[in-house]
file work_30.cif (mmCIF, N, CA and C atoms)
data_entry
loop_
_atom_site.label_atom_id
_atom_site.label_comp_id
_atom_site.auth_asym_id
_atom_site.auth_seq_id
_atom_site.Cartn_x
_atom_site.Cartn_y
_atom_site.Cartn_z
N MET A 1 89.12 76.77 119.03
CA MET A 1 90.36 77.13 118.36
C MET A 1 90.90 75.87 117.68
N ASN A 2 91.23 75.95 116.38
CA ASN A 2 91.64 74.74 115.69
C ASN A 2 93.10 74.37 115.94
N LYS A 3 93.42 73.12 115.66
CA LYS A 3 94.74 72.56 115.94
C LYS A 3 95.85 73.28 115.16
N ASP A 4 95.60 73.57 113.88
CA ASP A 4 96.61 74.26 113.07
C ASP A 4 96.93 75.64 113.64
N TYR A 5 95.91 76.35 114.10
CA TYR A 5 96.11 77.68 114.67
C TYR A 5 97.01 77.60 115.89
N LEU A 6 96.75 76.64 116.77
CA LEU A 6 97.59 76.48 117.97
C LEU A 6 99.02 76.13 117.58
N GLY A 7 99.18 75.29 116.57
CA GLY A 7 100.52 74.93 116.10
C GLY A 7 101.27 76.14 115.56
N ILE A 8 100.57 76.97 114.81
CA ILE A 8 101.18 78.17 114.25
C ILE A 8 101.65 79.10 115.37
N LEU A 9 100.81 79.31 116.37
CA LEU A 9 101.17 80.19 117.47
C LEU A 9 102.35 79.64 118.25
N THR A 10 102.40 78.34 118.44
CA THR A 10 103.52 77.71 119.13
C THR A 10 104.81 77.95 118.37
N GLU A 11 104.77 77.79 117.06
CA GLU A 11 105.97 78.02 116.24
C GLU A 11 106.42 79.47 116.32
N ILE A 12 105.50 80.39 116.23
CA ILE A 12 105.85 81.81 116.29
C ILE A 12 106.48 82.14 117.65
N ASP A 13 105.91 81.62 118.71
CA ASP A 13 106.44 81.88 120.06
C ASP A 13 107.88 81.39 120.20
N LYS A 14 108.24 80.28 119.58
CA LYS A 14 109.60 79.75 119.68
C LYS A 14 110.61 80.74 119.13
N TYR A 15 110.24 81.50 118.12
CA TYR A 15 111.18 82.38 117.46
C TYR A 15 111.48 83.64 118.26
N GLU A 16 110.64 83.95 119.21
CA GLU A 16 110.86 85.15 120.02
C GLU A 16 112.14 85.06 120.85
N LYS A 17 112.63 83.85 121.05
CA LYS A 17 113.81 83.65 121.89
C LYS A 17 115.06 83.33 121.06
N SER A 18 115.15 83.84 119.85
CA SER A 18 116.26 83.55 118.95
C SER A 18 117.39 84.56 119.07
N SER A 19 118.56 84.18 118.54
CA SER A 19 119.70 85.10 118.49
C SER A 19 119.38 86.26 117.54
N PRO A 20 120.07 87.38 117.67
CA PRO A 20 119.80 88.53 116.79
C PRO A 20 119.98 88.21 115.30
N GLU A 21 121.00 87.42 114.97
CA GLU A 21 121.25 87.09 113.57
C GLU A 21 120.12 86.22 113.01
N ARG A 22 119.74 85.22 113.79
CA ARG A 22 118.65 84.35 113.35
C ARG A 22 117.35 85.13 113.26
N LEU A 23 117.13 86.01 114.21
CA LEU A 23 115.91 86.80 114.22
C LEU A 23 115.83 87.71 112.99
N LEU A 24 116.96 88.18 112.51
CA LEU A 24 116.98 88.99 111.29
C LEU A 24 116.40 88.20 110.11
N PHE A 25 116.88 86.97 109.93
CA PHE A 25 116.39 86.15 108.81
C PHE A 25 114.96 85.68 109.05
N LEU A 26 114.61 85.39 110.30
CA LEU A 26 113.23 85.04 110.61
C LEU A 26 112.30 86.22 110.32
N SER A 27 112.80 87.42 110.55
CA SER A 27 112.01 88.62 110.28
C SER A 27 111.69 88.75 108.80
N VAL A 28 112.63 88.35 107.95
CA VAL A 28 112.39 88.36 106.50
C VAL A 28 111.23 87.40 106.18
N ILE A 29 111.27 86.21 106.78
CA ILE A 29 110.22 85.22 106.56
C ILE A 29 108.88 85.73 107.10
N PHE A 30 108.90 86.28 108.31
CA PHE A 30 107.66 86.78 108.90
C PHE A 30 107.08 87.95 108.10
N GLN A 31 107.95 88.85 107.62
CA GLN A 31 107.44 89.97 106.81
C GLN A 31 106.82 89.46 105.52
N ALA A 32 107.43 88.45 104.92
CA ALA A 32 106.85 87.86 103.71
C ALA A 32 105.49 87.23 104.02
N LEU A 33 105.36 86.62 105.20
CA LEU A 33 104.06 86.07 105.60
C LEU A 33 103.03 87.18 105.76
N LEU A 34 103.44 88.29 106.35
CA LEU A 34 102.51 89.42 106.47
C LEU A 34 102.10 89.93 105.10
N ASP A 35 103.07 90.05 104.19
CA ASP A 35 102.76 90.51 102.83
C ASP A 35 101.84 89.53 102.12
N ALA A 36 102.10 88.23 102.29
CA ALA A 36 101.33 87.19 101.60
C ALA A 36 99.90 87.09 102.12
N THR A 37 99.69 87.50 103.36
CA THR A 37 98.36 87.36 103.96
C THR A 37 97.62 88.68 104.13
N LYS A 38 98.17 89.72 103.55
CA LYS A 38 97.49 91.02 103.67
C LYS A 38 96.10 90.90 103.04
N GLU A 39 95.12 91.39 103.77
CA GLU A 39 93.73 91.28 103.33
C GLU A 39 93.50 92.07 102.04
N LYS A 40 92.75 91.48 101.13
CA LYS A 40 92.39 92.17 99.89
C LYS A 40 91.27 93.16 100.18
N THR A 41 91.41 94.33 99.57
CA THR A 41 90.35 95.33 99.70
C THR A 41 89.99 95.84 98.32
N LYS A 42 88.83 96.46 98.23
CA LYS A 42 88.37 97.00 96.94
C LYS A 42 89.20 98.19 96.49
N ILE A 43 89.80 98.90 97.44
CA ILE A 43 90.53 100.12 97.09
C ILE A 43 92.05 99.98 97.20
N GLU A 44 92.54 98.74 97.27
CA GLU A 44 93.99 98.57 97.42
C GLU A 44 94.72 98.95 96.13
N SER A 45 95.94 99.37 96.30
CA SER A 45 96.75 99.76 95.14
C SER A 45 97.23 98.51 94.40
N SER A 46 97.62 98.70 93.17
CA SER A 46 98.15 97.58 92.41
C SER A 46 99.46 97.10 93.03
N ARG A 47 100.19 98.01 93.66
CA ARG A 47 101.44 97.64 94.33
C ARG A 47 101.18 96.62 95.45
N THR A 48 100.16 96.84 96.24
CA THR A 48 99.82 95.92 97.32
C THR A 48 99.49 94.55 96.76
N SER A 49 98.73 94.53 95.70
CA SER A 49 98.36 93.26 95.05
C SER A 49 99.60 92.53 94.54
N VAL A 50 100.52 93.27 93.93
CA VAL A 50 101.76 92.69 93.42
C VAL A 50 102.63 92.17 94.56
N GLU A 51 102.72 92.94 95.64
CA GLU A 51 103.52 92.51 96.79
C GLU A 51 102.96 91.23 97.39
N ARG A 52 101.65 91.11 97.47
CA ARG A 52 101.02 89.90 98.00
C ARG A 52 101.37 88.71 97.10
N ALA A 53 101.22 88.90 95.81
CA ALA A 53 101.52 87.82 94.86
C ALA A 53 103.00 87.45 94.89
N ASN A 54 103.88 88.43 94.97
CA ASN A 54 105.32 88.16 95.02
C ASN A 54 105.70 87.40 96.29
N ALA A 55 105.10 87.77 97.41
CA ALA A 55 105.39 87.09 98.68
C ALA A 55 104.95 85.63 98.60
N ARG A 56 103.78 85.38 98.07
CA ARG A 56 103.31 84.00 97.92
C ARG A 56 104.21 83.22 96.96
N ALA A 57 104.61 83.86 95.88
CA ALA A 57 105.50 83.20 94.92
C ALA A 57 106.84 82.88 95.56
N TRP A 58 107.34 83.76 96.41
CA TRP A 58 108.63 83.55 97.09
C TRP A 58 108.58 82.28 97.93
N PHE A 59 107.48 82.06 98.62
CA PHE A 59 107.36 80.87 99.45
C PHE A 59 107.28 79.58 98.63
N PHE A 60 106.66 79.64 97.48
CA PHE A 60 106.34 78.41 96.77
C PHE A 60 107.09 78.21 95.47
N CYS A 61 108.13 79.01 95.21
CA CYS A 61 108.94 78.84 94.01
C CYS A 61 109.76 77.55 94.13
N SER A 62 110.12 76.98 92.98
CA SER A 62 110.89 75.73 93.04
C SER A 62 112.21 75.81 92.26
N VAL A 63 112.39 76.82 91.43
CA VAL A 63 113.63 76.98 90.68
C VAL A 63 113.97 78.46 90.54
N GLY A 64 115.23 78.73 90.23
CA GLY A 64 115.65 80.09 89.93
C GLY A 64 116.21 80.84 91.12
N VAL A 65 116.52 82.09 90.86
CA VAL A 65 117.15 82.96 91.86
C VAL A 65 116.22 83.17 93.05
N THR A 66 114.95 83.33 92.81
CA THR A 66 114.00 83.54 93.90
C THR A 66 114.00 82.34 94.84
N CYS A 67 114.04 81.15 94.27
CA CYS A 67 114.09 79.93 95.08
C CYS A 67 115.39 79.85 95.87
N GLU A 68 116.50 80.19 95.23
CA GLU A 68 117.80 80.19 95.92
C GLU A 68 117.79 81.19 97.07
N ASN A 69 117.19 82.35 96.84
CA ASN A 69 117.09 83.37 97.89
C ASN A 69 116.27 82.84 99.06
N PHE A 70 115.15 82.21 98.77
CA PHE A 70 114.29 81.66 99.81
C PHE A 70 115.05 80.62 100.63
N GLU A 71 115.76 79.73 99.97
CA GLU A 71 116.50 78.68 100.66
C GLU A 71 117.63 79.27 101.50
N TYR A 72 118.29 80.31 101.00
CA TYR A 72 119.35 80.98 101.74
C TYR A 72 118.79 81.60 103.03
N VAL A 73 117.66 82.29 102.90
CA VAL A 73 117.03 82.91 104.07
C VAL A 73 116.62 81.85 105.07
N CYS A 74 116.03 80.76 104.60
CA CYS A 74 115.60 79.68 105.50
C CYS A 74 116.79 79.07 106.22
N GLU A 75 117.85 78.82 105.48
CA GLU A 75 119.05 78.22 106.08
C GLU A 75 119.61 79.12 107.19
N ASN A 76 119.69 80.42 106.92
CA ASN A 76 120.23 81.35 107.91
C ASN A 76 119.26 81.63 109.05
N ALA A 77 118.00 81.30 108.84
CA ALA A 77 117.01 81.43 109.91
C ALA A 77 116.97 80.17 110.76
N GLY A 78 117.78 79.18 110.38
CA GLY A 78 117.82 77.94 111.14
C GLY A 78 116.71 76.98 110.78
N MET A 79 116.10 77.18 109.63
CA MET A 79 115.04 76.28 109.18
C MET A 79 115.69 75.15 108.39
N ASP A 80 114.92 74.15 108.01
CA ASP A 80 115.49 73.00 107.30
C ASP A 80 116.10 73.40 105.96
N ALA A 81 117.11 72.67 105.54
CA ALA A 81 117.86 73.00 104.33
C ALA A 81 116.99 73.00 103.08
N GLU A 82 116.03 72.11 103.02
CA GLU A 82 115.16 72.04 101.84
C GLU A 82 114.02 73.07 101.89
N ALA A 83 113.86 73.70 103.02
CA ALA A 83 112.85 74.74 103.21
C ALA A 83 111.42 74.21 103.13
N GLU A 84 111.26 72.88 103.14
CA GLU A 84 109.91 72.31 103.06
C GLU A 84 109.09 72.62 104.32
N TYR A 85 109.75 72.59 105.46
CA TYR A 85 109.05 72.91 106.69
C TYR A 85 108.50 74.34 106.63
N THR A 86 109.33 75.26 106.16
CA THR A 86 108.92 76.66 106.08
C THR A 86 107.78 76.83 105.09
N ARG A 87 107.86 76.13 103.96
CA ARG A 87 106.77 76.20 102.98
C ARG A 87 105.48 75.66 103.57
N GLY A 88 105.57 74.56 104.29
CA GLY A 88 104.39 74.00 104.93
C GLY A 88 103.80 74.94 105.97
N PHE A 89 104.70 75.54 106.74
CA PHE A 89 104.27 76.51 107.75
C PHE A 89 103.59 77.70 107.08
N ALA A 90 104.18 78.21 106.00
CA ALA A 90 103.60 79.35 105.27
C ALA A 90 102.22 78.98 104.74
N LEU A 91 102.08 77.79 104.20
CA LEU A 91 100.79 77.36 103.67
C LEU A 91 99.74 77.31 104.78
N LYS A 92 100.12 76.82 105.97
CA LYS A 92 99.18 76.80 107.10
C LYS A 92 98.78 78.22 107.48
N VAL A 93 99.75 79.13 107.51
CA VAL A 93 99.44 80.52 107.88
C VAL A 93 98.53 81.15 106.84
N ILE A 94 98.86 80.99 105.56
CA ILE A 94 98.07 81.60 104.49
C ILE A 94 96.64 81.07 104.50
N ASN A 95 96.47 79.80 104.80
CA ASN A 95 95.14 79.18 104.78
C ASN A 95 94.43 79.21 106.13
N SER A 96 95.04 79.81 107.14
CA SER A 96 94.47 79.83 108.48
C SER A 96 93.15 80.59 108.52
N LYS A 97 92.20 80.01 109.24
CA LYS A 97 90.93 80.70 109.45
C LYS A 97 91.07 81.79 110.50
N GLU A 98 92.17 81.79 111.21
CA GLU A 98 92.44 82.76 112.27
C GLU A 98 93.53 83.74 111.84
N ILE A 99 93.57 84.08 110.57
CA ILE A 99 94.68 84.85 110.02
C ILE A 99 94.87 86.20 110.70
N LYS A 100 93.80 86.84 111.10
CA LYS A 100 93.91 88.14 111.76
C LYS A 100 94.75 88.03 113.03
N TYR A 101 94.51 86.99 113.81
CA TYR A 101 95.24 86.80 115.07
C TYR A 101 96.67 86.32 114.82
N VAL A 102 96.85 85.50 113.80
CA VAL A 102 98.20 85.05 113.44
C VAL A 102 99.03 86.26 113.02
N ARG A 103 98.45 87.14 112.21
CA ARG A 103 99.16 88.34 111.78
C ARG A 103 99.53 89.22 112.97
N GLN A 104 98.64 89.35 113.94
CA GLN A 104 98.95 90.13 115.14
C GLN A 104 100.12 89.52 115.90
N ARG A 105 100.16 88.22 115.99
CA ARG A 105 101.24 87.53 116.71
C ARG A 105 102.57 87.73 115.98
N ILE A 106 102.54 87.64 114.66
CA ILE A 106 103.77 87.86 113.87
C ILE A 106 104.25 89.30 114.07
N ARG A 107 103.33 90.25 114.01
CA ARG A 107 103.72 91.65 114.21
C ARG A 107 104.35 91.86 115.58
N ARG A 108 103.83 91.18 116.59
CA ARG A 108 104.38 91.31 117.94
C ARG A 108 105.83 90.82 117.97
N VAL A 109 106.10 89.71 117.30
CA VAL A 109 107.48 89.20 117.23
C VAL A 109 108.37 90.21 116.52
N LEU A 110 107.90 90.74 115.40
CA LEU A 110 108.69 91.70 114.63
C LEU A 110 108.93 92.99 115.41
N ASP A 111 107.96 93.42 116.19
CA ASP A 111 108.11 94.64 116.98
C ASP A 111 109.17 94.48 118.06
N LYS A 112 109.36 93.26 118.55
CA LYS A 112 110.35 93.01 119.59
C LYS A 112 111.76 92.93 119.02
N SER A 113 111.87 92.68 117.72
CA SER A 113 113.22 92.49 117.13
C SER A 113 113.86 93.79 116.73
#

call {"tool": "encode", "arguments": {"input": "work_30.cif", "output": "structure tokens"}}
result
Amino acid sequence: MNKDYLGILTEIDKYEKSSPERLLFLSVIFQALLDATKEKTKIESSRTSVERANARAWFFCSVGVTCENFEYVCENAGMDAEAEYTRGFALKVINSKEIKYVRQRIRRVLDKS
């Protein structure tokens, strides 16, 4: 099991013990991670493809309303003000070789909220 994967799971586990308000905003971030990492298939709809692209763009935007929205969500989720930590975390999740298991862990957190 690689080091990044263990780090990702540790971060996800920390969020399970959050306040309801914080968990709401964390859920937005986690849902975007699920959207951004949804597996590509030959028969997927164009909507799924667009949602995946939009989720990735939301994490990595640097200007505009989308960026302001991302920073607002991160701030209310208790993440750093510049949202760099969250972007780095998202990049690790998106590039994880263990994405199937990371997605299962995120879903488990969302199911509890």

call {"tool": "residues_around", "arguments": {"input": "work_30.cif", "residues": "stretch 62-74 of chain A", "least_positions_apart": "2", "cutoff": "10 Å", "atoms": "only C-alpha atoms", "output": "JSON, numbers by chain"}}
result
{"A": [22, 24, 25, 26, 27, 28, 29, 54, 57, 58, 59, 60, 76, 77, 78, 79, 80, 81, 82, 83, 84, 85, 86, 87]}

call {"tool": "axis_aligned_box", "arguments": {"input": "work_30.cif", "around": "stretch 103-113 of chain A", "padding_each_side": "8 Å", "output": "lines of an AutoDock Vina configuration file"}}
result
center_x = 106.2
center_y = 90.9
center_z = 115.7
size_x = 31.4
size_y = 23.5
size_z = 23.8

call {"tool": "atom_distance", "arguments": {"input": "work_30.cif", "atom1": "atom CA of A:Asp111", "atom2": "atom C of A:Asp35"}}
result
16.9 Å

call {"tool": "select_by_dssp", "arguments": {"input": "work_30.cif", "residues": "chain A", "states": "alpha helix (DSSP H)", "output": "tab-separated table (two decimals) with N, CA and C atoms, keeping the file's coordinate frame"}}
result
chain	number	residue	atom	x	y	z
A	3	LYS	N	93.42	73.12	115.66
A	3	LYS	CA	94.74	72.56	115.94
A	3	LYS	C	95.85	73.28	115.16
A	4	ASP	N	95.60	73.57	113.88
A	4	ASP	CA	96.61	74.26	113.07
A	4	ASP	C	96.93	75.64	113.64
A	5	TYR	N	95.91	76.35	114.10
A	5	TYR	CA	96.11	77.68	114.67
A	5	TYR	C	97.01	77.60	115.89
A	6	LEU	N	96.75	76.64	116.77
A	6	LEU	CA	97.59	76.48	117.97
A	6	LEU	C	99.02	76.13	117.58
A	7	GLY	N	99.18	75.29	116.57
A	7	GLY	CA	100.52	74.93	116.10
A	7	GLY	C	101.27	76.14	115.56
A	8	ILE	N	100.57	76.97	114.81
A	8	ILE	CA	101.18	78.17	114.25
A	8	ILE	C	101.65	79.10	115.37
A	9	LEU	N	100.81	79.31	116.37
A	9	LEU	CA	101.17	80.19	117.47
A	9	LEU	C	102.35	79.64	118.25
A	10	THR	N	102.40	78.34	118.44
A	10	THR	CA	103.52	77.71	119.13
A	10	THR	C	104.81	77.95	118.37
A	11	GLU	N	104.77	77.79	117.06
A	11	GLU	CA	105.97	78.02	116.24
A	11	GLU	C	106.42	79.47	116.32
A	12	ILE	N	105.50	80.39	116.23
A	12	ILE	CA	105.85	81.81	116.29
A	12	ILE	C	106.48	82.14	117.65
A	13	ASP	N	105.91	81.62	118.71
A	13	ASP	CA	106.44	81.88	120.06
A	13	ASP	C	107.88	81.39	120.20
A	14	LYS	N	108.24	80.28	119.58
A	14	LYS	CA	109.60	79.75	119.68
A	14	LYS	C	110.61	80.74	119.13
A	15	TYR	N	110.24	81.50	118.12
A	15	TYR	CA	111.18	82.38	117.46
A	15	TYR	C	111.48	83.64	118.26
A	20	PRO	N	120.07	87.38	117.67
A	20	PRO	CA	119.80	88.53	116.79
A	20	PRO	C	119.98	88.21	115.30
A	21	GLU	N	121.00	87.42	114.97
A	21	GLU	CA	121.25	87.09	113.57
A	21	GLU	C	120.12	86.22	113.01
A	22	ARG	N	119.74	85.22	113.79
A	22	ARG	CA	118.65	84.35	113.35
A	22	ARG	C	117.35	85.13	113.26
A	23	LEU	N	117.13	86.01	114.21
A	23	LEU	CA	115.91	86.80	114.22
A	23	LEU	C	115.83	87.71	112.99
A	24	LEU	N	116.96	88.18	112.51
A	24	LEU	CA	116.98	88.99	111.29
A	24	LEU	C	116.40	88.20	110.11
A	25	PHE	N	116.88	86.97	109.93
A	25	PHE	CA	116.39	86.15	108.81
A	25	PHE	C	114.96	85.68	109.05
A	26	LEU	N	114.61	85.39	110.30
A	26	LEU	CA	113.23	85.04	110.61
A	26	LEU	C	112.30	86.22	110.32
A	27	SER	N	112.80	87.42	110.55
A	27	SER	CA	112.01	88.62	110.28
A	27	SER	C	111.69	88.75	108.80
A	28	VAL	N	112.63	88.35	107.95
A	28	VAL	CA	112.39	88.36	106.50
A	28	VAL	C	111.23	87.40	106.18
A	29	ILE	N	111.27	86.21	106.78
A	29	ILE	CA	110.22	85.22	106.56
A	29	ILE	C	108.88	85.73	107.10
A	30	PHE	N	108.90	86.28	108.31
A	30	PHE	CA	107.66	86.78	108.90
A	30	PHE	C	107.08	87.95	108.10
A	31	GLN	N	107.95	88.85	107.62
A	31	GLN	CA	107.44	89.97	106.81
A	31	GLN	C	106.82	89.46	105.52
A	32	ALA	N	107.43	88.45	104.92
A	32	ALA	CA	106.85	87.86	103.71
A	32	ALA	C	105.49	87.23	104.02
A	33	LEU	N	105.36	86.62	105.20
A	33	LEU	CA	104.06	86.07	105.60
A	33	LEU	C	103.03	87.18	105.76
A	34	LEU	N	103.44	88.29	106.35
A	34	LEU	CA	102.51	89.42	106.47
A	34	LEU	C	102.10	89.93	105.10
A	35	ASP	N	103.07	90.05	104.19
A	35	ASP	CA	102.76	90.51	102.83
A	35	ASP	C	101.84	89.53	102.12
A	36	ALA	N	102.10	88.23	102.29
A	36	ALA	CA	101.33	87.19	101.60
A	36	ALA	C	99.90	87.09	102.12
A	46	SER	N	97.62	98.70	93.17
A	46	SER	CA	98.15	97.58	92.41
A	46	SER	C	99.46	97.10	93.03
A	47	ARG	N	100.19	98.01	93.66
A	47	ARG	CA	101.44	97.64	94.33
A	47	ARG	C	101.18	96.62	95.45
A	48	THR	N	100.16	96.84	96.24
A	48	THR	CA	99.82	95.92	97.32
A	48	THR	C	99.49	94.55	96.76
A	49	SER	N	98.73	94.53	95.70
A	49	SER	CA	98.36	93.26	95.05
A	49	SER	C	99.60	92.53	94.54
A	50	VAL	N	100.52	93.27	93.93
A	50	VAL	CA	101.76	92.69	93.42
A	50	VAL	C	102.63	92.17	94.56
A	51	GLU	N	102.72	92.94	95.64
A	51	GLU	CA	103.52	92.51	96.79
A	51	GLU	C	102.96	91.23	97.39
A	52	ARG	N	101.65	91.11	97.47
A	52	ARG	CA	101.02	89.90	98.00
A	52	ARG	C	101.37	88.71	97.10
A	53	ALA	N	101.22	88.90	95.81
A	53	ALA	CA	101.52	87.82	94.86
A	53	ALA	C	103.00	87.45	94.89
A	54	ASN	N	103.88	88.43	94.97
A	54	ASN	CA	105.32	88.16	95.02
A	54	ASN	C	105.70	87.40	96.29
A	55	ALA	N	105.10	87.77	97.41
A	55	ALA	CA	105.39	87.09	98.68
A	55	ALA	C	104.95	85.63	98.60
A	56	ARG	N	103.78	85.38	98.07
A	56	ARG	CA	103.31	84.00	97.92
A	56	ARG	C	104.21	83.22	96.96
A	57	ALA	N	104.61	83.86	95.88
A	57	ALA	CA	105.50	83.20	94.92
A	57	ALA	C	106.84	82.88	95.56
A	58	TRP	N	107.34	83.76	96.41
A	58	TRP	CA	108.63	83.55	97.09
A	58	TRP	C	108.58	82.28	97.93
A	59	PHE	N	107.48	82.06	98.62
A	59	PHE	CA	107.36	80.87	99.45
A	59	PHE	C	107.28	79.58	98.63
A	60	PHE	N	106.66	79.64	97.48
A	60	PHE	CA	106.34	78.41	96.77
A	60	PHE	C	107.09	78.21	95.47
A	65	VAL	N	116.52	82.09	90.86
A	65	VAL	CA	117.15	82.96	91.86
A	65	VAL	C	116.22	83.17	93.05
A	66	THR	N	114.95	83.33	92.81
A	66	THR	CA	114.00	83.54	93.90
A	66	THR	C	114.00	82.34	94.84
A	67	CYS	N	114.04	81.15	94.27
A	67	CYS	CA	114.09	79.93	95.08
A	67	CYS	C	115.39	79.85	95.87
A	68	GLU	N	116.50	80.19	95.23
A	68	GLU	CA	117.80	80.19	95.92
A	68	GLU	C	117.79	81.19	97.07
A	69	ASN	N	117.19	82.35	96.84
A	69	ASN	CA	117.09	83.37	97.89
A	69	ASN	C	116.27	82.84	99.06
A	70	PHE	N	115.15	82.21	98.77
A	70	PHE	CA	114.29	81.66	99.81
A	70	PHE	C	115.05	80.62	100.63
A	71	GLU	N	115.76	79.73	99.97
A	71	GLU	CA	116.50	78.68	100.66
A	71	GLU	C	117.63	79.27	101.50
A	72	TYR	N	118.29	80.31	101.00
A	72	TYR	CA	119.35	80.98	101.74
A	72	TYR	C	118.79	81.60	103.03
A	73	VAL	N	117.66	82.29	102.90
A	73	VAL	CA	117.03	82.91	104.07
A	73	VAL	C	116.62	81.85	105.07
A	74	CYS	N	116.03	80.76	104.60
A	74	CYS	CA	115.60	79.68	105.50
A	74	CYS	C	116.79	79.07	106.22
A	75	GLU	N	117.85	78.82	105.48
A	75	GLU	CA	119.05	78.22	106.08
A	75	GLU	C	119.61	79.12	107.19
A	76	ASN	N	119.69	80.42	106.92
A	76	ASN	CA	120.23	81.35	107.91
A	76	ASN	C	119.26	81.63	109.05
A	84	GLU	N	111.26	72.88	103.14
A	84	GLU	CA	109.91	72.31	103.06
A	84	GLU	C	109.09	72.62	104.32
A	85	TYR	N	109.75	72.59	105.46
A	85	TYR	CA	109.05	72.91	106.69
A	85	TYR	C	108.50	74.34	106.63
A	86	THR	N	109.33	75.26	106.16
A	86	THR	CA	108.92	76.66	106.08
A	86	THR	C	107.78	76.83	105.09
A	87	ARG	N	107.86	76.13	103.96
A	87	ARG	CA	106.77	76.20	102.98
A	87	ARG	C	105.48	75.66	103.57
A	88	GLY	N	105.57	74.56	104.29
A	88	GLY	CA	104.39	74.00	104.93
A	88	GLY	C	103.80	74.94	105.97
A	89	PHE	N	104.70	75.54	106.74
A	89	PHE	CA	104.27	76.51	107.75
A	89	PHE	C	103.59	77.70	107.08
A	90	ALA	N	104.18	78.21	106.00
A	90	ALA	CA	103.60	79.35	105.27
A	90	ALA	C	102.22	78.98	104.74
A	91	LEU	N	102.08	77.79	104.20
A	91	LEU	CA	100.79	77.36	103.67
A	91	LEU	C	99.74	77.31	104.78
A	92	LYS	N	100.12	76.82	105.97
A	92	LYS	CA	99.18	76.80	107.10
A	92	LYS	C	98.78	78.22	107.48
A	93	VAL	N	99.75	79.13	107.51
A	93	VAL	CA	99.44	80.52	107.88
A	93	VAL	C	98.53	81.15	106.84
A	94	ILE	N	98.86	80.99	105.56
A	94	ILE	CA	98.07	81.60	104.49
A	94	ILE	C	96.64	81.07	104.50
A	99	ILE	N	93.57	84.08	110.57
A	99	ILE	CA	94.68	84.85	110.02
A	99	ILE	C	94.87	86.20	110.70
A	100	LYS	N	93.80	86.84	111.10
A	100	LYS	CA	93.91	88.14	111.76
A	100	LYS	C	94.75	88.03	113.03
A	101	TYR	N	94.51	86.99	113.81
A	101	TYR	CA	95.24	86.80	115.07
A	101	TYR	C	96.67	86.32	114.82
A	102	VAL	N	96.85	85.50	113.80
A	102	VAL	CA	98.20	85.05	113.44
A	102	VAL	C	99.03	86.26	113.02
A	103	ARG	N	98.45	87.14	112.21
A	103	ARG	CA	99.16	88.34	111.78
A	103	ARG	C	99.53	89.22	112.97
A	104	GLN	N	98.64	89.35	113.94
A	104	GLN	CA	98.95	90.13	115.14
A	104	GLN	C	100.12	89.52	115.90
A	105	ARG	N	100.16	88.22	115.99
A	105	ARG	CA	101.24	87.53	116.71
A	105	ARG	C	102.57	87.73	115.98
A	106	ILE	N	102.54	87.64	114.66
A	106	ILE	CA	103.77	87.86	113.87
A	106	ILE	C	104.25	89.30	114.07
A	107	ARG	N	103.33	90.25	114.01
A	107	ARG	CA	103.72	91.65	114.21
A	107	ARG	C	104.35	91.86	115.58
A	108	ARG	N	103.83	91.18	116.59
A	108	ARG	CA	104.38	91.31	117.94
A	108	ARG	C	105.83	90.82	117.97
A	109	VAL	N	106.10	89.71	117.30
A	109	VAL	CA	107.48	89.20	117.23
A	109	VAL	C	108.37	90.21	116.52
A	110	LEU	N	107.90	90.74	115.40
A	110	LEU	CA	108.69	91.70	114.63
A	110	LEU	C	108.93	92.99	115.41
A	111	ASP	N	107.96	93.42	116.19
A	111	ASP	CA	108.11	94.64	116.98
A	111	ASP	C	109.17	94.48	118.06
A	112	LYS	N	109.36	93.26	118.55
A	112	LYS	CA	110.35	93.01	119.59
A	112	LYS	C	111.76	92.93	119.02

call {"tool": "atom_distance", "arguments": {"input": "work_30.cif", "atom1": "atom CA of A:Ser18", "atom2": "atom CA of A:Asn95"}}
result
25.8 Å

call {"tool": "atom_distance", "arguments": {"input": "work_30.cif", "atom1": "atom C of A:Thr48", "atom2": "atom CA of A:Ala36"}}
result
9.0 Å

call {"tool": "resolve_selection", "arguments": {"input": "work_30.cif", "expression": "the PyMOL selection byres (((chain A and resi 38 and name CA) around 9) and name CA)", "output": "list of chain:residue names"}}
result
A:Leu33, A:Leu34, A:Asp35, A:Ala36, A:Thr37, A:Glu39, A:Lys40, A:Thr48, A:Ser49, A:Arg52, A:Arg103
